[in-house]
>>> print(open('run02.cif').read())   # mmCIF, C-alpha atoms
data_data
loop_
_atom_site.label_atom_id
_atom_site.label_comp_id
_atom_site.auth_asym_id
_atom_site.auth_seq_id
_atom_site.Cartn_x
_atom_site.Cartn_y
_atom_site.Cartn_z
CA MET L 6 -12.38 4.62 2.03
CA ASN L 7 -13.47 1.31 3.47
CA THR L 8 -14.54 -1.73 1.52
CA PHE L 9 -17.73 -1.29 -0.45
CA THR L 10 -20.59 -3.68 0.20
CA THR L 11 -23.94 -4.40 -1.32
CA LYS L 12 -27.20 -4.76 0.49
CA SER L 13 -30.21 -6.52 -0.98
CA THR L 14 -33.79 -5.81 0.02
CA PRO L 15 -35.68 -8.55 1.91
CA LEU L 16 -36.94 -11.24 -0.40
CA LEU L 17 -40.71 -11.11 -0.23
CA GLY L 18 -42.15 -14.25 -1.83
CA ARG L 19 -45.56 -14.30 -3.34
CA SER L 20 -48.33 -16.51 -1.97
CA GLY L 21 -47.47 -19.16 -4.51
CA ASP L 22 -43.91 -19.29 -3.21
CA ASN L 23 -44.83 -20.46 0.30
CA ASP L 24 -44.28 -24.12 -0.47
CA SER L 25 -40.69 -23.58 -1.47
CA SER L 26 -39.88 -21.38 1.52
CA ASP L 27 -41.63 -23.18 4.38
CA SER L 28 -38.54 -25.11 5.28
CA LYS L 29 -36.47 -21.94 5.73
CA SER L 30 -35.85 -20.76 9.26
CA PRO L 31 -36.24 -17.05 10.18
CA SER L 32 -32.48 -16.71 10.47
CA THR L 33 -32.02 -18.11 6.96
CA THR L 34 -34.54 -15.66 5.54
CA THR L 35 -32.87 -12.76 7.30
CA SER L 36 -29.42 -13.82 6.17
CA HIS L 37 -30.50 -13.23 2.57
CA ALA L 38 -31.69 -9.72 3.43
CA ILE L 39 -28.09 -8.54 3.61
CA SER L 40 -25.39 -9.88 1.32
CA LYS L 41 -21.92 -8.47 1.32
CA ARG L 42 -18.39 -9.51 0.56
CA GLU L 43 -14.96 -8.03 0.96
CA LEU L 44 -12.44 -7.66 -1.82
CA THR L 45 -9.50 -10.00 -1.57
CA GLN L 46 -6.17 -8.30 -0.92
CA LEU L 47 -5.00 -9.30 -4.41
CA GLU L 48 -8.03 -7.57 -5.94
CA ASN L 49 -7.41 -4.56 -3.73
CA PHE L 50 -3.78 -4.33 -4.87
CA GLY L 51 -4.82 -4.71 -8.50
CA ILE L 52 -7.38 -1.92 -8.59
CA SER L 53 -5.19 0.30 -6.39
CA ALA L 54 -2.53 0.15 -9.12
CA LEU L 55 -4.95 0.31 -12.06
CA ALA L 56 -7.08 3.31 -11.02
CA PRO L 57 -4.24 5.90 -10.76
CA SER L 58 -2.60 4.48 -13.89
CA ILE L 59 -5.76 5.30 -15.83
CA ALA L 60 -6.01 8.72 -14.19
CA VAL L 61 -2.45 9.71 -15.13
CA LEU L 62 -3.30 9.36 -18.83
CA PHE L 63 -5.43 12.49 -18.43
CA THR L 64 -3.29 14.46 -15.96
CA ASN L 65 0.28 13.89 -17.19
CA PRO L 66 0.33 17.08 -19.36
CA PHE L 67 -0.26 19.21 -16.25
CA ASP L 68 2.57 17.36 -14.51
CA THR L 69 4.90 18.22 -17.40
CA VAL L 70 3.94 21.90 -17.08
CA LYS L 71 4.42 21.80 -13.30
CA VAL L 72 7.93 20.34 -13.61
CA ARG L 73 9.04 22.97 -16.10
CA LEU L 74 7.63 25.84 -14.05
CA GLN L 75 9.35 24.60 -10.90
CA LEU L 76 12.70 24.32 -12.67
CA GLN L 77 12.76 27.76 -14.26
CA GLY L 78 14.16 30.69 -12.31
CA GLU L 79 16.55 28.45 -10.38
CA PHE L 80 19.73 30.11 -9.13
CA VAL L 81 22.58 27.95 -10.43
CA LYS L 82 26.23 28.11 -9.40
CA SER L 83 28.78 27.92 -12.22
CA ARG L 84 32.43 28.81 -12.82
CA GLU L 85 33.19 31.77 -15.01
CA PRO L 86 35.87 30.98 -17.61
CA GLY L 87 38.92 33.20 -17.92
CA ARG L 88 38.74 34.56 -14.39
CA ASN L 89 40.59 31.91 -12.42
CA GLY L 90 37.56 29.69 -12.33
CA LYS L 91 35.71 32.10 -10.08
CA GLU L 92 32.35 30.74 -8.95
CA ILE L 93 29.37 32.89 -9.82
CA VAL L 94 25.63 32.54 -9.35
CA ARG L 95 23.39 32.96 -12.36
CA VAL L 96 19.65 32.73 -12.76
CA SER L 97 18.24 30.29 -15.27
CA GLU L 98 16.21 32.11 -17.88
CA LYS L 99 12.50 32.57 -17.18
CA VAL L 100 10.91 31.04 -20.25
CA TYR L 101 7.28 30.64 -19.14
CA LYS L 102 5.09 33.44 -17.79
CA SER L 103 2.38 31.22 -16.33
CA SER L 104 0.92 27.73 -16.34
CA LEU L 105 -1.20 28.52 -19.37
CA ASP L 106 1.77 30.05 -21.20
CA CYS L 107 3.82 26.92 -20.55
CA LEU L 108 0.95 24.70 -21.69
CA VAL L 109 0.46 26.66 -24.92
CA LYS L 110 4.17 26.96 -25.76
CA THR L 111 4.83 23.29 -25.11
CA PHE L 112 1.89 22.23 -27.28
CA ARG L 113 2.80 24.69 -30.04
CA HIS L 114 6.44 23.60 -30.33
CA GLU L 115 6.28 19.93 -29.27
CA GLY L 116 2.67 18.91 -29.79
CA ILE L 117 0.74 16.46 -27.65
CA ARG L 118 3.82 14.23 -27.42
CA GLY L 119 5.62 17.06 -25.67
CA LEU L 120 2.85 17.41 -23.11
CA GLN L 121 2.79 13.65 -22.59
CA LYS L 122 6.54 13.31 -22.04
CA GLY L 123 7.38 10.85 -19.29
CA LEU L 124 4.01 9.11 -19.57
CA PHE L 125 5.35 5.54 -19.35
CA PRO L 126 7.48 6.12 -16.21
CA ALA L 127 4.52 8.10 -14.82
CA ILE L 128 2.32 5.00 -15.20
CA LEU L 129 5.03 2.84 -13.60
CA LYS L 130 5.35 5.37 -10.79
CA GLU L 131 1.62 5.53 -10.08
CA SER L 132 1.12 1.76 -10.12
CA SER L 133 4.16 0.93 -7.98
CA LYS L 134 3.39 3.73 -5.54
CA ASN L 135 -0.33 3.14 -5.07
CA ILE L 136 -0.10 -0.60 -4.60
CA PHE L 137 1.14 0.42 -1.15
CA ARG L 138 -0.42 3.89 -0.73
CA LEU L 139 -3.98 2.88 -1.55
CA GLY L 140 -3.77 -0.89 -1.34
CA LEU L 141 -2.59 -1.02 2.28
CA TYR L 142 -4.43 1.98 3.73
CA ASP L 143 -7.68 0.20 4.62
CA PRO L 144 -5.98 -2.95 6.01
CA ILE L 145 -3.65 -0.88 8.22
CA LEU L 146 -6.42 1.45 9.41
CA ASN L 147 -8.80 -1.46 10.07
CA ALA L 148 -6.08 -3.23 12.06
CA MET L 149 -5.67 -0.12 14.21
CA HIS L 150 -9.40 0.55 14.47
CA PRO L 151 -11.42 -2.62 13.65
CA LEU L 152 -14.78 -2.38 11.93
CA SER L 153 -17.96 -3.91 13.34
CA TYR L 154 -18.75 -5.42 9.94
CA PRO L 155 -17.30 -5.26 6.41
CA GLY L 156 -18.12 -2.05 4.59
CA GLU L 157 -18.90 -0.04 7.70
CA ALA L 158 -18.10 3.67 7.55
CA SER L 159 -15.11 3.86 9.88
CA THR L 160 -15.19 5.92 13.05
CA ALA L 161 -11.39 5.97 13.40
CA PRO L 162 -10.03 9.27 14.75
CA ALA L 163 -7.92 11.53 12.54
CA TRP L 164 -4.60 10.62 14.21
CA LYS L 165 -5.03 6.93 13.38
CA ARG L 166 -5.85 7.79 9.77
CA MET L 167 -2.77 10.01 9.56
CA ILE L 168 -0.51 7.25 10.86
CA ALA L 169 -1.96 4.77 8.36
CA GLY L 170 -1.64 7.29 5.50
CA ALA L 171 1.92 8.28 6.40
CA THR L 172 3.00 4.62 6.64
CA CYS L 173 1.54 3.78 3.25
CA GLY L 174 2.99 6.95 1.75
CA ALA L 175 6.52 6.11 2.89
CA MET L 176 6.37 2.63 1.34
CA GLY L 177 4.96 4.03 -1.88
CA ALA L 178 7.65 6.70 -2.16
CA ILE L 179 10.48 4.19 -1.82
CA SER L 180 9.10 1.95 -4.56
CA ALA L 181 8.31 4.82 -6.95
CA ASN L 182 11.42 7.03 -6.57
CA PRO L 183 13.41 5.69 -9.58
CA PHE L 184 10.44 6.15 -11.91
CA GLU L 185 9.74 9.62 -10.49
CA LEU L 186 13.34 10.71 -11.17
CA ILE L 187 13.27 9.40 -14.76
CA LYS L 188 9.86 10.98 -15.38
CA THR L 189 11.10 14.37 -14.18
CA ARG L 190 14.16 14.30 -16.42
CA LEU L 191 12.14 13.27 -19.46
CA GLN L 192 9.55 15.97 -18.83
CA SER L 193 12.15 18.70 -18.40
CA ASN L 194 13.78 17.90 -21.73
CA ALA L 195 12.85 20.50 -24.35
CA SER L 196 14.31 21.97 -27.50
CA GLY L 197 15.74 25.41 -28.14
CA GLY L 198 14.50 28.31 -26.08
CA LEU L 199 11.97 26.19 -24.15
CA ALA L 200 14.63 24.31 -22.22
CA VAL L 201 14.83 24.84 -18.46
CA GLY L 202 17.11 23.14 -15.95
CA ASN L 203 19.57 20.42 -16.94
CA GLN L 204 18.83 18.63 -20.19
CA TYR L 205 19.17 14.87 -20.67
CA ALA L 206 19.15 13.20 -24.07
CA TYR L 207 17.32 10.04 -23.01
CA LYS L 208 15.49 8.16 -25.73
CA GLY L 209 13.06 6.59 -23.29
CA THR L 210 12.57 5.00 -19.89
CA PHE L 211 14.88 2.03 -20.37
CA SER L 212 17.51 4.19 -22.07
CA ALA L 213 17.41 6.47 -19.04
CA LEU L 214 17.78 3.52 -16.65
CA ARG L 215 20.82 2.18 -18.50
CA THR L 216 22.45 5.60 -18.82
CA ILE L 217 21.92 6.59 -15.19
CA ILE L 218 23.17 3.27 -13.79
CA SER L 219 26.22 3.07 -16.10
CA ASN L 220 27.28 6.73 -15.78
CA ASP L 221 26.18 7.78 -12.31
CA GLY L 222 25.58 4.53 -10.43
CA PHE L 223 22.48 2.78 -9.13
CA SER L 224 22.25 5.02 -6.08
CA THR L 225 21.39 7.99 -8.35
CA LEU L 226 17.98 6.43 -8.90
CA TYR L 227 17.29 7.16 -5.25
CA ARG L 228 18.50 10.74 -5.29
CA GLY L 229 16.02 12.91 -3.43
CA SER L 230 14.47 9.84 -1.82
CA MET L 231 14.50 11.36 1.67
CA ILE L 232 12.54 14.45 0.61
CA SER L 233 10.34 12.19 -1.51
CA ILE L 234 9.54 9.97 1.48
CA ALA L 235 8.80 13.01 3.67
CA ARG L 236 6.63 14.52 0.92
CA SER L 237 4.73 11.29 0.39
CA MET L 238 4.23 10.70 4.11
CA LEU L 239 2.80 14.16 4.71
CA GLY L 240 0.92 14.22 1.42
CA SER L 241 -0.63 10.78 1.88
CA ALA L 242 -1.50 11.53 5.50
CA ALA L 243 -3.24 14.75 4.41
CA ASN L 244 -4.89 13.23 1.34
CA LEU L 245 -6.13 9.93 2.75
CA THR L 246 -7.12 11.38 6.12
CA THR L 247 -9.11 14.23 4.59
CA TYR L 248 -10.69 11.98 1.97
CA SER L 249 -11.69 9.19 4.34
CA LEU L 250 -12.88 11.57 7.09
CA LEU L 251 -15.12 13.51 4.72
CA LYS L 252 -16.50 10.36 3.15
CA ASP L 253 -17.11 8.50 6.41
CA HIS L 254 -18.62 11.63 8.02
CA ALA L 255 -21.03 11.97 5.10
CA ARG L 256 -22.03 8.32 5.39
CA ASN L 257 -22.39 8.35 9.18
CA ASN L 258 -24.10 11.71 9.64
CA TRP L 259 -25.65 12.77 6.32
CA ASP L 260 -26.96 9.37 5.20
CA ALA L 261 -24.87 9.72 2.01
CA GLN L 262 -24.35 6.71 -0.20
CA ASP L 263 -21.13 5.60 -1.86
CA GLY L 264 -21.06 6.82 -5.40
CA ILE L 265 -19.30 8.98 -7.93
CA MET L 266 -20.46 12.33 -6.49
CA LEU L 267 -19.27 11.51 -2.97
CA ASP L 268 -15.95 10.26 -4.35
CA MET L 269 -15.51 13.44 -6.40
CA MET L 270 -16.28 15.93 -3.64
CA SER L 271 -14.18 14.17 -0.99
CA SER L 272 -11.19 13.69 -3.28
CA LEU L 273 -11.20 17.27 -4.60
CA VAL L 274 -11.11 18.79 -1.11
CA SER L 275 -8.39 16.33 -0.07
CA ALA L 276 -6.37 17.26 -3.17
CA PHE L 277 -6.26 20.95 -2.19
CA VAL L 278 -5.09 20.11 1.34
CA SER L 279 -2.44 17.79 -0.11
CA VAL L 280 -1.03 20.43 -2.47
CA VAL L 281 -0.72 22.97 0.36
CA VAL L 282 1.31 20.43 2.31
CA MET L 283 3.38 18.97 -0.54
CA ASN L 284 4.29 21.88 -2.83
CA PRO L 285 7.33 23.20 -0.86
CA MET L 286 8.86 19.72 -0.74
CA ASP L 287 7.91 19.15 -4.37
CA VAL L 288 9.95 22.17 -5.49
CA VAL L 289 13.03 20.94 -3.60
CA ARG L 290 12.60 17.39 -4.89
CA ILE L 291 12.24 18.49 -8.52
CA ARG L 292 15.48 20.49 -8.23
CA LEU L 293 17.31 17.49 -6.73
CA TYR L 294 15.99 15.12 -9.40
CA ASN L 295 17.04 17.41 -12.23
CA ARG L 296 20.50 18.20 -10.85
CA SER L 297 23.36 16.70 -12.78
CA SER L 298 25.81 14.48 -10.94
CA GLN L 299 28.60 16.75 -12.21
CA SER L 300 27.10 19.86 -10.58
CA THR L 301 27.72 20.97 -7.03
CA SER L 302 26.08 18.45 -4.73
CA GLN L 303 23.73 19.70 -2.06
CA SER L 304 21.86 17.91 0.66
CA THR L 305 18.12 18.33 1.04
CA LEU L 306 18.53 20.84 3.87
CA GLN L 307 21.18 22.77 1.93
CA SER L 308 18.85 22.95 -1.06
CA CYS L 309 16.04 24.25 1.13
CA ARG L 310 18.31 26.90 2.62
CA HIS L 311 19.64 27.85 -0.81
CA ILE L 312 16.14 28.33 -2.28
CA PHE L 313 14.99 30.32 0.76
CA THR L 314 17.97 32.69 0.81
CA THR L 315 18.31 33.24 -2.96
CA GLU L 316 14.71 33.09 -4.20
CA GLY L 317 12.65 33.84 -1.11
CA PRO L 318 9.97 31.85 0.72
CA LEU L 319 7.41 32.19 -2.07
CA ALA L 320 9.70 30.10 -4.30
CA PHE L 321 8.52 27.02 -2.39
CA TYR L 322 5.09 27.58 -3.90
CA LYS L 323 6.21 27.88 -7.49
CA GLY L 324 3.85 26.01 -9.77
CA PHE L 325 1.17 25.80 -7.04
CA SER L 326 -1.77 26.40 -9.38
CA THR L 327 -0.43 23.92 -11.93
CA HIS L 328 0.30 21.46 -9.14
CA PHE L 329 -3.36 21.66 -8.10
CA MET L 330 -4.47 21.50 -11.76
CA ARG L 331 -2.64 18.21 -11.90
CA ILE L 332 -3.31 16.80 -8.40
CA GLY L 333 -6.98 17.87 -8.24
CA PRO L 334 -8.13 16.01 -11.37
CA HIS L 335 -5.67 13.18 -10.71
CA PHE L 336 -6.94 12.45 -7.20
CA THR L 337 -10.54 12.91 -8.32
CA LEU L 338 -10.17 10.52 -11.26
CA THR L 339 -8.16 8.07 -9.15
CA PHE L 340 -10.79 7.77 -6.42
CA VAL L 341 -13.68 7.79 -8.89
CA PHE L 342 -12.09 4.97 -10.91
CA LEU L 343 -11.17 3.16 -7.70
CA GLY L 344 -14.75 3.37 -6.45
CA MET L 345 -16.15 2.24 -9.79
CA LEU L 346 -13.81 -0.74 -9.93
CA LYS L 347 -14.64 -1.75 -6.36
CA ARG L 348 -18.37 -1.50 -6.93
CA TYR L 349 -18.07 -3.42 -10.18
CA LEU L 350 -16.15 -6.26 -8.55
CA ILE L 351 -18.53 -6.48 -5.60
CA GLU L 352 -21.86 -5.89 -7.27
CA GLY L 353 -20.86 -8.08 -10.19
CA SER L 354 -20.43 -11.04 -7.84
CA PRO L 355 -23.33 -13.42 -7.00
CA THR L 356 -24.25 -12.02 -3.60
CA SER L 357 -28.03 -12.35 -3.71
CA HIS L 358 -30.32 -15.39 -3.46
CA PRO L 359 -30.85 -17.21 -6.79
CA SER L 360 -34.65 -16.98 -6.49
CA SER L 361 -34.55 -13.21 -6.08
CA LYS L 362 -37.00 -11.46 -8.36
CA THR L 363 -36.35 -7.89 -7.35
CA THR L 364 -33.26 -6.64 -5.59
CA SER L 365 -31.67 -3.27 -5.13
CA SER L 366 -28.07 -2.52 -4.27
CA HIS L 367 -26.89 0.34 -2.12
CA VAL L 368 -24.47 0.95 0.69
CA LEU L 369 -24.81 -0.56 4.14
CA HIS L 370 -24.96 2.21 6.74
CA PRO L 371 -24.24 1.78 10.44
CA LYS L 372 -27.80 2.78 11.26
CA ASP L 373 -29.01 -0.29 9.35
CA GLU L 374 -27.43 -2.70 11.83
CA SER L 375 -30.91 -3.83 12.83
CA LEU L 376 -31.06 -5.62 9.49
CA ALA L 377 -27.93 -7.60 10.13
CA ALA L 378 -29.37 -9.71 12.94
CA PRO L 379 -32.65 -11.68 13.18
CA SER L 380 -35.50 -9.97 15.00
CA SER L 381 -35.78 -11.07 18.61
CA SER L 382 -39.57 -11.22 18.30
CA SER L 383 -41.33 -12.26 15.14
CA SER L 384 -44.65 -10.80 16.24
CA SER L 385 -43.74 -7.20 16.92
CA PRO L 386 -42.32 -4.93 14.18
CA THR L 387 -39.12 -3.03 14.84
CA PRO L 388 -38.86 0.73 14.24
CA SER L 389 -37.05 0.00 10.98
CA LEU L 390 -39.47 -0.44 8.08
CA ALA L 391 -37.37 -3.15 6.47
CA ALA L 392 -37.08 -5.06 9.73
CA GLY L 393 -40.84 -4.79 10.17
CA VAL L 394 -41.39 -6.32 6.75
CA ILE L 395 -39.09 -9.19 7.69
CA ALA L 396 -40.96 -9.71 10.97
CA ARG L 397 -44.31 -9.87 9.19
CA ARG L 398 -42.92 -12.28 6.65
CA GLU L 399 -41.63 -14.52 9.44
CA GLU L 400 -45.06 -14.36 11.08
CA GLN L 401 -46.69 -15.59 7.88
CA LEU L 402 -44.25 -18.48 7.74
#
>>> encode(input="run02.cif", output="structure tokens")
Amino acid sequence: MNTFTTKSTPLLGRSGDNDSSDSKSPSTTTSHAISKRELTQLENFGISALAPSIAVLFTNPFDTVKVRLQLQGEFVKSREPGRNGKEIVRVSEKVYKSSLDCLVKTFRHEGIRGLQKGLFPAILKESSKNIFRLGLYDPILNAMHPLSYPGEASTAPAWKRMIAGATCGAMGAISANPFELIKTRLQSNASGGLAVGNQYAYKGTFSALRTIISNDGFSTLYRGSMISIARSMLGSAANLTTYSLLKDHARNNWDAQDGIMLDMMSSLVSAFVSVVVMNPMDVVRIRLYNRSSQSTSQSTLQSCRHIFTTEGPLAFYKGFSTHFMRIGPHFTLTFVFLGMLKRYLIEGSPTSHPSSKTTSSHVLHPKDESLAAPSSSSSSPTPSLAAGVIARREEQL
């Protein structure tokens, strides 16, 4: 999870290059052996917002399915006409049998536009949320547990990673809550027999903003924000801690290099852990988002109690498989794109010596620290092969 770096091999000049390199000191030669730079915080914010925004283009259909599955089967209180307004409890019709059934029915009746409902607020949600969630995780963790050098695989314990992840998750949830609410209402909107939950005739994101603020007030945009913050804190703590621990452990102990495969494996495992933690709160939050302001108001705890007593404990894991079908690919694509963007920005920068003929870029591992400092003796090789080459080169000079 920490900043990517590049490391160049020692520059071994040919015999004809001695004249141009005689004036270089051993420390100067060694300084070119390792070249690395950190991303600026502005670059970090930019790619932290861009990577999940690209990922959501591919995963939004599964989010639409998840929302509809979590809304169906809800026990709703209503007043029966003609009987003194007596309050009764009815069950919303179960329209979809499974995740696949919901996916097929939505595509058959609404097409790809139906599956991609709420895409624009989803992009706004992901970018506004992950500027904080991803963009501040490394800086906060590194402040709590400083690195020896940029790009080092962190050795921070799990509790520090969880604090950093929970802090970033809380900030991200606050910034993204209005877009999450609008996205949910747009995704739940369906025609005819496919409709579940309350239906809102919004024409788009900005139409929804105007309608909600004018009819229900600005505070409605932050409905469910407490459960959203709790969900994001626990989810981000689980996701970022699991991801960074797996990745740093692989780099520290298995000599793994940063790359797409390591990003994919770490993010997929972290996604499963995140869904286990988040799904119960996600069900409650979806119900709160979709609830009309004219319906009976319930607090978060009342909603939890209501779901537990009327639908049973398993109701908190409604849509679990679809939630993972959405979160798994989304987290995987997010961290893969994030890693690719970081490596592109760093490796695309001029970090090697201009006279370099042959260089290779890979990740700096903690065990390579012997390369970061000049050899104390230019006549005796170090155990490291690369350091020995540098020592022999210095001896020739």
>>> resolve_selection(input="run02.cif", expression="the PyMOL selection byres ((chain L and resi 201) around 7)", output="list in words")
Arg73, Leu76, Gln77, Ser193, Leu199, Ala200, Gly202 and Asn203 of chain L
>>> atom_distance(input="run02.cif", atom1="CA of Tyr205 in chain L", atom2="CA of Thr314 in chain L")
27.9 Å
>>> residues_around(input="run02.cif", residues="Gly51 in chain L", least_positions_apart="6", cutoff="12 Å", atoms="all atoms listed in the file", output="short mmCIF file (atom, residue, chain, number, x, y, z; two decimals) with C-alpha atoms, keeping the file's coordinate frame")
data_model
loop_
_atom_site.label_atom_id
_atom_site.label_comp_id
_atom_site.auth_asym_id
_atom_site.auth_seq_id
_atom_site.Cartn_x
_atom_site.Cartn_y
_atom_site.Cartn_z
CA LEU L 44 -12.44 -7.66 -1.82
CA THR L 45 -9.50 -10.00 -1.57
CA PRO L 57 -4.24 5.90 -10.76
CA SER L 58 -2.60 4.48 -13.89
CA SER L 132 1.12 1.76 -10.12
CA SER L 133 4.16 0.93 -7.98
CA ASN L 135 -0.33 3.14 -5.07
CA ILE L 136 -0.10 -0.60 -4.60
CA PHE L 137 1.14 0.42 -1.15
CA LEU L 139 -3.98 2.88 -1.55
CA GLY L 140 -3.77 -0.89 -1.34
CA LEU L 141 -2.59 -1.02 2.28
CA LEU L 343 -11.17 3.16 -7.70
CA LEU L 346 -13.81 -0.74 -9.93
CA LYS L 347 -14.64 -1.75 -6.36
CA LEU L 350 -16.15 -6.26 -8.55
#
>>> closest_atom_pairs(input="run02.cif", of="range 225-302 of chain L", to="range 169-177 of chain L", cutoff="10 Å", atoms="all atoms listed in the file", output="JSON lines")
{"residue": "L:Ser230", "atom": "CA", "partner": "L:Ala175", "partner_atom": "CA", "distance": 10.0}
{"residue": "L:Met231", "atom": "CA", "partner": "L:Ala175", "partner_atom": "CA", "distance": 9.6}
{"residue": "L:Ser233", "atom": "CA", "partner": "L:Ala175", "partner_atom": "CA", "distance": 8.4}
{"residue": "L:Ile234", "atom": "CA", "partner": "L:Ala175", "partner_atom": "CA", "distance": 5.1}
{"residue": "L:Ala235", "atom": "CA", "partner": "L:Ala175", "partner_atom": "CA", "distance": 7.3}
{"residue": "L:Arg236", "atom": "CA", "partner": "L:Gly174", "partner_atom": "CA", "distance": 8.4}
{"residue": "L:Ser237", "atom": "CA", "partner": "L:Gly174", "partner_atom": "CA", "distance": 4.9}
{"residue": "L:Met238", "atom": "CA", "partner": "L:Ala171", "partner_atom": "CA", "distance": 4.1}
{"residue": "L:Leu239", "atom": "CA", "partner": "L:Ala171", "partner_atom": "CA", "distance": 6.2}
{"residue": "L:Gly240", "atom": "CA", "partner": "L:Gly174", "partner_atom": "CA", "distance": 7.6}
{"residue": "L:Ser241", "atom": "CA", "partner": "L:Gly170", "partner_atom": "CA", "distance": 5.1}
{"residue": "L:Ala242", "atom": "CA", "partner": "L:Gly170", "partner_atom": "CA", "distance": 4.2}
{"residue": "L:Ala243", "atom": "CA", "partner": "L:Gly170", "partner_atom": "CA", "distance": 7.7}
{"residue": "L:Asn244", "atom": "CA", "partner": "L:Gly170", "partner_atom": "CA", "distance": 7.9}
{"residue": "L:Leu245", "atom": "CA", "partner": "L:Gly170", "partner_atom": "CA", "distance": 5.9}
{"residue": "L:Thr246", "atom": "CA", "partner": "L:Gly170", "partner_atom": "CA", "distance": 6.9}
>>> residues_around(input="run02.cif", residues="range 275-286 of chain L", least_positions_apart="3", cutoff="7 Å", atoms="only C-alpha atoms", output="tab-separated table (two decimals) with C-alpha atoms, in the frame of the given file")
chain	number	residue	atom	x	y	z
L	232	ILE	CA	12.54	14.45	0.61
L	236	ARG	CA	6.63	14.52	0.92
L	239	LEU	CA	2.80	14.16	4.71
L	240	GLY	CA	0.92	14.22	1.42
L	243	ALA	CA	-3.24	14.75	4.41
L	244	ASN	CA	-4.89	13.23	1.34
L	247	THR	CA	-9.11	14.23	4.59
L	248	TYR	CA	-10.69	11.98	1.97
L	271	SER	CA	-14.18	14.17	-0.99
L	272	SER	CA	-11.19	13.69	-3.28
L	289	VAL	CA	13.03	20.94	-3.60
L	290	ARG	CA	12.60	17.39	-4.89
L	321	PHE	CA	8.52	27.02	-2.39
L	322	TYR	CA	5.09	27.58	-3.90
L	325	PHE	CA	1.17	25.80	-7.04
L	328	HIS	CA	0.30	21.46	-9.14
L	329	PHE	CA	-3.36	21.66	-8.10
L	332	ILE	CA	-3.31	16.80	-8.40
L	333	GLY	CA	-6.98	17.87	-8.24
L	336	PHE	CA	-6.94	12.45	-7.20
